[in-house]
Structures are given as structure tokens and as C-alpha cells.
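Okay, structure first, notes after.
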Amino acid sequence: MRHAIGDRLQHFEIIAHLGTGGMGEVYKARDARLNRVVAIKILSEKFSDRFEREARAISALNHPHICTLHDVGPGYLVMELVEGETLAERLQKGRLPMDVVLRHGAEMADALAAAHAKGIIHRDLKPGNLMVTKSGIKVLDFGLAKMTQSDETLTVSKVIQGTPAYMSPEQLEGKACDPRTDIFALGLVLYEMATGKRKGQGEVANLGELSERFAHVVERCLEPDPENRWQSARDVRAELEWAAKNQISRPQPASGSRARLAALLFSGLVAAGLAGVGVWWLTPHAAPVTQSVARFTVELPSGDNLPIDTGLPISIALTPSGEQLLYVGQRSGVHQIFARRRDELAAVPVAGTEGAVMPFVSPTGEWIGFVSGGQLKKVPITGGPPISLAEAPVPSGATWGTDGRIVFSPTWSSGLLIVSEQGGSARPLTTLDTANGEEAHREPSFLPGNRSLLFVVRLNDGRHQIQCLDLASGRRRTLTEGRTPLYATTGHLIFSREATLFAAPFDLGTLELHGMPLPVLDGVTTDGAKSHVALAADGTLAYVPAAAHDRRLVWVDMQGRVRAASADLRSFWHPRLSPDGKRIVVHVGGEQGGIWVYERDRGTRMRLNTSGTRPIWTPDGTGITFQWQRSLCSQGRWGR
């Protein structure tokens, strides 16, 4: 039947009435113009023009775990139709398994982080506003959302808004809300998913049956004082993902090639020494499962080190046969590429690669590509005069196809370029979709056959998506979130999230993932979220263990006496002493990365942000200037 709701909605055919809420009626409808099924919410008359204006801002949210708002007009919303059941309906059947709680919790936290990055606070997060779908959680109904740039809500300002059972203390008292308000509600939802019980106001959460790590996440979400809670939803997501990884103590039985890959990956874990490179082999899926997996650790010679630092490209590579490991090493203050054969004990420097970063290898294994002095270059693997191919002032990944083409990322904030292995003019291969928040295309990797390409898209909300580009049609599709995508001959996509490698079944024919990503290797060195890892066609995988760059902060006085500044053993970079000599600001890599401040007298520490690098104190010691991932500079004020 047709249901006319003004001129703007005449092209919608109402299919069914879905329900009635506090804001109005919801209908299932078909958009005749675009031939898609949507949900239409007809709003009550009490909502003002401000709702339409700010709802348009919310429509800018584009996230896999947030219900998409397609259109908004006087008195109505047109939204994505989400199929599934609400979390409230699911919880009527009892509590959820812990692995599901951790996965859905991380999805909710990621959705909130995306909204908060746009200046939007939900303020009514609860099981009834969360849909459980085949693809995960969808966050619905931003009807009570607050825009942080103003003191107004989308509905009525200056009054208490939300559902009392899921309100934070400051919300119940009518005080100002900020992203930590949503974090409190997220803690309540996590508690209810894990226990099957709703926590009452003022009631002490009974977390005794839950794992210590998960209980810690929930307890800190539920701190009455916002200052004591997690300070960002992105932090909560990281903690939940960490808890999920530690749920796995041994590979679980599975079927098909995924089980073989998991078993091989887990059995190939390396107990790596300091300043080493772990190496192991994946067995192709055609080989018997009982075949052994070789692994070893490459120890660098005394005095050598890996000049890995935040922002530098990936530092290791493998020849296609897996016979040679290449890495950027530093010796006597000079860094260049070193090569180590599998059947030899020592690595030798490759002549002509002085000052090199980002090694990659030709499909024949005869040439090494790298960047030095702002130029993309190649040199014979045996060494020799380098040949310049193209300009690459700030590179971020390259891949060499069997058809003689090289695809590379010339800067941290550009699309991909393509150039012949013989040199010549580099031409654009991809263009940034800035309208959808794309800031950079990085870390390209050819798939077998050179007809398609994996690469990473950095978005302006800090997320990284792995996309697949069909080189013939120019079409691209998003596969998952992560960094450093590599294809394994077992038929899997290998990629990183923070310090963990994941694997997911990948169909080369359809260019689609066919299964949930499985964590397979933890403790990989990461710089700016990418991982220092390389994969050869024969299944050899090399990586830089995170332990290779863990270190301690120490105080050294004028007499050379050393004492610990902290007991922490972490990936510290660029420590800087405050003008008064009492504090250290330092960049920390890894799971709890960002800018941290350590105080000498009190022995305390505090994280200022999650994504800054290279911090420097202002001369008066009240501010910190640091580099942000968008290659911009920001200054944070320090309160004494």
C-alpha cells in the first residue's frame, strides 16, 4: 500500500509497521528510486528544527557498527533497515559466551569512538538500542545524542535525557555529559552481557565470576567519577581486544584449511631474543598437516641494531623463495640493507643501499627495491650501483608485480602511484575519497596474477581499513580493519591489528573474506599500528618481535649514576625531560601507546593521548608539542 507522508516521501512504499517509540512511529519501506528496503521513522511534532539540523551532522557517521542515516527531513528520518534482534531480546535467553561479549563489546566501543571523533555523544546506549546482526553489533537511535560543540541536545536541552537504568551519575544529576558518559553506559551493557543481569543504580557490580582482565575493564568503565574511568572508547576497545586475545591459550579444533593454518601458525611461535628477527614457515594447504614447521631467531651481531622508529616504513623483507631475509640494520651509525641466507650464519650488507628504508623484492628475487634520499630505487640483490625509479619523499609501502610494475605509496597522505620497474613517469593508481574521510592509501601488496591489489586506507577518525582493488575495473571493496595486508598461499589474508597478526580465509576468485579473522601470532613490533612483518610465496614468514624494542626509563645524574625512573618495561621512544627536571614525556608504542608523562617525585604516570609521537616540552613546561598521525602538530596543555 502507499502511505503519503509529504512530498518528500511519496516515492517510498510502506511494507510494514515496525513499532512505536518515544520519538514516533517506525515503518519498513521500499525506496522505489534506489530499489532498496529502508526504515522510516516518523517523528512526533514536539521535535524542533534543531533536530533536523544536527541529525544531518549525525548522517556523516559512516561506520560498520552504526546504523546508517540515509536522509532526514521535516518530521522524518530514513535509515538503514537492520535485520536481526535487539540485544535486549537476546539477553532474555540468558548471558552471552565470553568470546561473544568481548567481540560485541569491542564493536560497540569502536562505534562509540567513531561517533566521539565526530563530536557526537550517544547518551542512551542500552541493549534496546543495540541490534545483534550476522555482521555484528549495530548501534541504533542517536535520538538523544549531544553535539559536543554545543550545549544542546538533538531533542530538549537542559533536562535529564536517557534511560535511568543505563545513566551515568553525572547524567542522573543533570550535569554536563562528555564521551565518558557513554563509556559508563558501555560498562553497564558489558556487565549485563557477561552476567545476564542488569546492574541496579548504586549496586556493587558482582564481577567475581568473570576473568580478572575483563572485570578490570568493566570496573573502570563504571567508576562514578568520570576522571577515573577510561578516557576514550578507543582505549576500551583496545582493552577488550587484548582480553579476547588472551582468551586463547591454545589453538582450538577447526575444520578445513583454516584449522591447518591456525595449527601451523601457533606451532611456529618463536621465543625471540632481544634485537632479533623471528622466522618460521607456513605449509601450503596441499601439504599434509603432520609436516613439521621450521623456525629460528636471527640474532643481530653485537653493536648492530634495527633502526625501527615510529613513522618509518616496514623494515624487513623476504625473497619469494624464502631463502633470503632482508632487513634494514644500523652499524656504526649508518643504516643500510643486510641480507642473510637461510643456509648461512651471518648477514652481509648490500652495497648501494646506504640510507635505505622500506626494502621489497622483485618477483624473480634478483632485485631489491627500497627508498633512499626521497627516491624509489632498485639495486641487484648482490649489491651494486642503485638505479632511481621515481620520487618517494615520505614512503609508506611498495609492492613489485610479476608483470614488471611497482605500486608504491610516495607519502603518508596520498593515493598510490604505479611505475615500471625500468623507471619512467609514475602515474596515479588510486585517488583519495576525501568525502568519505580518506586521508591516505598505504602498504600495497599485489595478489597472485597481478589483477588485484591489497592496500590500507587511513581514515580521518584514526581507523585503518584493508581494501582490495580490482585493477581492471578500478572497483574497490573494504575487507576488514587492520594494517599490513599479505596473502598466504594457504588461501588466507594475513594482517595486523596493533601487535597481533590475524588470519582469515580469503577467496581469490571473489576477492572476499569467508570467515572470522583468527588471532595467530602476538608480540609483533608495531610502529603507528603497522607491523614489521614479511611473507614469502613459499610460506616463510619473518617478523620483528615486540620484545626487541622494550626498554626501561632511567634517571642519570651528572656523576653517571643510574636509577630507575619506572619499573615499566615498554616500547619507549623519544623521552624528553621537562624544564624543571621533574617529569619525563615519552612516546610509548604497542597496546597502551601514545604520549605518557612520568613524574620523578611522586612516581606516577599518566597517558595524555593514544596516537601522538615525538613529544617536546614548551619552554615554560606547561605545554607539550607532539606529532600526530595526520602529520599535523598539536599542543596539549599540562595542568600542574
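Each chain in the C-alpha cells gets a letter, A, B, ..., in the order shown, and its residues are numbered from 1; ligands are numbered from 1 in order too.
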>> When you look at Gly523 (chain A) with a cut-off of 7 Å (counting only C-alpha atoms), what residues show up, excluding the ones that are within fewer than 2 positions of it in the same chain? I need them as a PyMOL selection string.
In response: chain A and resi 499-500+521+525+545-546
Emit the selected residues as an mmCIF file, in the first residue's frame, including N, CA and C atoms.
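As a result, result31.cif now contains:
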```cif
data_model
loop_
_atom_site.group_PDB
_atom_site.id
_atom_site.type_symbol
_atom_site.label_atom_id
_atom_site.label_comp_id
_atom_site.auth_asym_id
_atom_site.auth_seq_id
_atom_site.Cartn_x
_atom_site.Cartn_y
_atom_site.Cartn_z
ATOM 1 N N ALA A 499 49.655 -5.210 17.933
ATOM 2 C CA ALA A 499 50.821 -6.099 17.946
ATOM 3 C C ALA A 499 50.474 -7.542 17.618
ATOM 4 N N THR A 500 49.296 -7.784 17.048
ATOM 5 C CA THR A 500 48.836 -9.142 16.788
ATOM 6 C C THR A 500 48.584 -9.352 15.302
ATOM 7 N N LEU A 521 49.287 -14.791 15.943
ATOM 8 C CA LEU A 521 50.644 -14.508 16.401
ATOM 9 C C LEU A 521 50.647 -13.179 17.130
ATOM 10 N N THR A 525 56.418 -6.317 16.581
ATOM 11 C CA THR A 525 56.730 -4.898 16.705
ATOM 12 C C THR A 525 55.849 -4.079 15.772
ATOM 13 N N PRO A 545 60.103 -9.256 16.666
ATOM 14 C CA PRO A 545 59.366 -9.420 17.928
ATOM 15 C C PRO A 545 59.302 -8.120 18.704
ATOM 16 N N ALA A 546 58.163 -7.885 19.337
ATOM 17 C CA ALA A 546 57.983 -6.652 20.103
ATOM 18 C C ALA A 546 59.008 -6.536 21.216
#
```
> Which residue gives the smallest distance to Phe572 (chain A) among A:Thr434, A:Gln231, A:Gln336, A:Thr613, with only C-alpha atoms counted?
Replying inline: A:Thr613
Considering only C-alpha atoms, give me a table of residues in region 495-579 of chain A that are at most 12 Å from region 101-105 of chain A, with the closest atom pair and distance in Å for each, as a tab-separated table.
```
residue	atom	partner	partner_atom	distance
A:Met516	CA	A:Arg103	CA	10.9
A:Pro517	CA	A:Arg103	CA	11.4
A:Leu518	CA	A:Arg103	CA	11.9
```
Store the residues of this selection in a file with N, CA and C atoms, as a compact mmCIF listing (two decimals), in the first residue's frame.
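Wrote it out as selection01.txt, contents follow:
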```
# COMPACT_ATOMS: atom_id res chain seq x y z
N MET A 516 35.58 -15.51 10.07
CA MET A 516 36.05 -14.52 11.03
C MET A 516 37.57 -14.53 11.13
N PRO A 517 38.21 -13.38 11.25
CA PRO A 517 39.65 -13.35 11.47
C PRO A 517 40.02 -14.06 12.77
N LEU A 518 41.12 -14.78 12.76
CA LEU A 518 41.59 -15.53 13.91
C LEU A 518 42.95 -15.00 14.33
```
> Between CA of Arg463 (chain A) and CA of Glu481 (chain A), what is the distance, to one decimal in Å?
Replying inline: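 So the two atoms, CA of Arg463 (chain A) and CA of Glu481 (chain A), lie 7.4 Å apart.
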> Counting only C-alpha atoms, which of A:Glu80, A:Glu89, A:Asp141, A:Glu443 gets nearest to Pro127 (chain A)?
Replying inline: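 Among the listed residues, A:Glu89 lies closest to Pro127 (chain A).
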>> I want to know what sits within 12 Å of Arg234 (chain A), based on only C-alpha atoms, with residues of the same chain fewer than 2 positions away left out; could you give that as a ChimeraX atom specification?
In response: /A:105-117,179-180,183,230-232,236-241,461-463,591-593,609-611
Selection: 6 Å around Ser315 (chain A), only C-alpha atoms, excl. self and same-chain fewer than 3 positions, as a compact mmCIF listing (two decimals) with N, CA and C atoms, in the first residue's frame:
```txt
# COMPACT_ATOMS: atom_id res chain seq x y z
N TYR A 327 66.82 -7.10 5.88
CA TYR A 327 66.36 -6.18 6.92
C TYR A 327 67.22 -4.93 6.91
N VAL A 328 66.62 -3.82 7.37
CA VAL A 328 67.36 -2.56 7.50
C VAL A 328 68.04 -2.58 8.86
N MET A 358 62.50 0.69 3.88
CA MET A 358 61.41 0.02 3.17
C MET A 358 61.89 -0.94 2.07
```
> Tell me, which residues of region 263-470 of chain A carry DSSP strand (DSSP E or B), written as a PyMOL selection string?
Replying inline: chain A and resi 276-281+295-299+305+316-318+324-331+334-341+348-349+357-361+367-372+375-380+387-391+398-400+405-408+417-420+427-428+438-446+452-459+464-470
Convert the current residue selection to file output with C-alpha atoms, as a compact mmCIF listing (two decimals), in the first residue's frame.
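Wrote it out as again.txt, contents follow:
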```txt
# COMPACT_ATOMS: atom_id res chain seq x y z
CA GLY A 276 66.25 -10.30 16.79
CA VAL A 277 64.01 -11.32 13.94
CA GLY A 278 61.71 -14.33 14.24
CA VAL A 279 61.31 -16.53 11.17
CA TRP A 280 59.06 -19.51 10.53
CA TRP A 281 57.33 -21.29 7.66
CA ARG A 295 61.51 -21.74 12.90
CA PHE A 296 64.52 -19.83 14.13
CA THR A 297 65.59 -16.48 15.53
CA VAL A 298 68.08 -14.20 13.82
CA GLU A 299 70.30 -12.50 16.37
CA ASN A 305 70.54 -2.77 15.82
CA ILE A 316 62.14 -6.32 6.69
CA ALA A 317 61.51 -8.31 3.50
CA LEU A 318 61.89 -11.85 2.15
CA GLN A 324 66.95 -14.85 2.00
CA LEU A 325 65.90 -12.48 4.75
CA LEU A 326 66.49 -8.77 4.17
CA TYR A 327 66.36 -6.18 6.92
CA VAL A 328 67.36 -2.56 7.50
CA GLY A 329 70.13 -2.63 10.10
CA GLN A 330 72.29 0.03 11.66
CA ARG A 331 76.05 -0.41 12.02
CA VAL A 334 74.95 4.02 9.19
CA HIS A 335 71.82 2.10 8.29
CA GLN A 336 71.53 0.01 5.17
CA ILE A 337 70.01 -3.27 3.98
CA PHE A 338 71.53 -6.53 5.22
CA ALA A 339 70.89 -9.93 3.62
CA ARG A 340 71.01 -13.29 5.38
CA ARG A 341 70.61 -16.58 3.55
CA VAL A 348 76.08 -9.24 4.98
CA PRO A 349 75.46 -5.59 4.00
CA VAL A 357 64.34 2.24 4.20
CA MET A 358 61.41 0.02 3.17
CA PRO A 359 63.05 -2.95 1.41
CA PHE A 360 60.95 -5.02 -1.01
CA VAL A 361 61.97 -7.66 -3.54
CA TRP A 367 66.49 -7.07 -7.33
CA ILE A 368 65.86 -5.21 -4.08
CA GLY A 369 63.63 -2.17 -4.13
CA PHE A 370 63.98 0.49 -1.44
CA VAL A 371 63.76 4.23 -0.77
CA SER A 372 66.73 6.46 -0.05
CA GLN A 375 63.86 8.39 -4.28
CA LEU A 376 62.39 4.97 -5.04
CA LYS A 377 65.38 2.88 -6.14
CA LYS A 378 66.43 -0.65 -7.05
CA VAL A 379 69.72 -2.48 -6.74
CA PRO A 380 70.84 -6.03 -7.61
CA ILE A 387 69.03 2.91 -10.02
CA SER A 388 66.44 5.63 -9.30
CA LEU A 389 62.88 4.89 -10.46
CA ALA A 390 60.61 7.62 -9.04
CA GLU A 391 60.25 10.23 -6.33
CA ALA A 398 55.61 -0.76 -2.04
CA THR A 399 54.95 -3.99 -3.94
CA TRP A 400 56.53 -5.45 -7.09
CA ARG A 405 55.03 -2.88 -12.41
CA ILE A 406 55.74 -1.39 -8.99
CA VAL A 407 52.95 0.13 -6.91
CA PHE A 408 54.02 2.38 -4.06
CA LEU A 417 51.29 5.50 -7.67
CA ILE A 418 52.38 2.94 -10.25
CA VAL A 419 55.66 2.89 -12.19
CA SER A 420 57.55 0.49 -14.44
CA ARG A 427 51.12 7.73 -12.66
CA PRO A 428 48.29 7.77 -10.10
CA GLU A 438 40.10 9.01 3.41
CA GLU A 439 43.45 10.54 4.32
CA ALA A 440 45.98 8.15 2.80
CA HIS A 441 46.45 4.91 0.85
CA ARG A 442 49.36 2.83 2.13
CA GLU A 443 51.05 -0.59 2.26
CA PRO A 444 50.09 -2.01 -1.16
CA SER A 445 50.50 -5.73 -1.84
CA PHE A 446 49.88 -7.47 -5.18
CA SER A 452 44.10 -7.13 -7.96
CA LEU A 453 45.83 -5.40 -5.10
CA LEU A 454 45.52 -5.17 -1.33
CA PHE A 455 46.19 -1.84 0.35
CA VAL A 456 45.41 0.11 3.53
CA VAL A 457 43.16 3.17 3.74
CA ARG A 458 43.71 5.53 6.63
CA LEU A 459 40.53 7.40 7.64
CA HIS A 464 42.61 1.78 9.05
CA GLN A 465 40.71 -0.31 6.53
CA ILE A 466 42.14 -3.05 4.34
CA GLN A 467 40.71 -2.72 0.83
CA CYS A 468 41.03 -4.79 -2.32
CA LEU A 469 41.37 -3.04 -5.69
CA ASP A 470 40.36 -4.70 -8.96
```
>> Using only C-alpha atoms for the distances, tell me which of A:Asp557, A:Glu83, A:Glu366, A:Glu219 is nearest to Ile381 (chain A).
In response: A:Glu366
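Of the listed residues (A:Met558, A:Ala392, A:Ala503, A:Ala346), A:Ala392 comes nearest to Ala426 (chain A); the distances count only C-alpha atoms.
Comparing the minimum interatomic distances between Leu511 (chain A) and each of A:Thr163, A:Thr478, A:Asn436, A:Thr86, counting only C-alpha atoms, we find that A:Thr478 sits nearest.
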Any idea what's packed within 8 Å of Pro505 (chain A), counting only C-alpha atoms, ignoring anything in its chain fewer than 6 positions away? Could you give it as a PDB file with C-alpha atoms, in the first residue's frame?
```pdb
ATOM      1  CA  ARG A 258      41.620 -22.575   8.478  1.00  0.00           C
ATOM      2  CA  GLY A 491      44.337 -19.166   0.952  1.00  0.00           C
ATOM      3  CA  HIS A 492      44.310 -16.673   3.810  1.00  0.00           C
ATOM      4  CA  LEU A 493      44.602 -12.946   4.295  1.00  0.00           C
ATOM      5  CA  LEU A 513      36.753 -12.980   3.177  1.00  0.00           C
ATOM      6  CA  HIS A 514      34.943 -16.186   4.131  1.00  0.00           C
ATOM      7  CA  GLY A 515      35.199 -16.429   7.885  1.00  0.00           C
ATOM      8  CA  MET A 516      36.048 -14.521  11.035  1.00  0.00           C
ATOM      9  CA  PRO A 517      39.652 -13.349  11.474  1.00  0.00           C
TER      10      PRO A 517
END
```
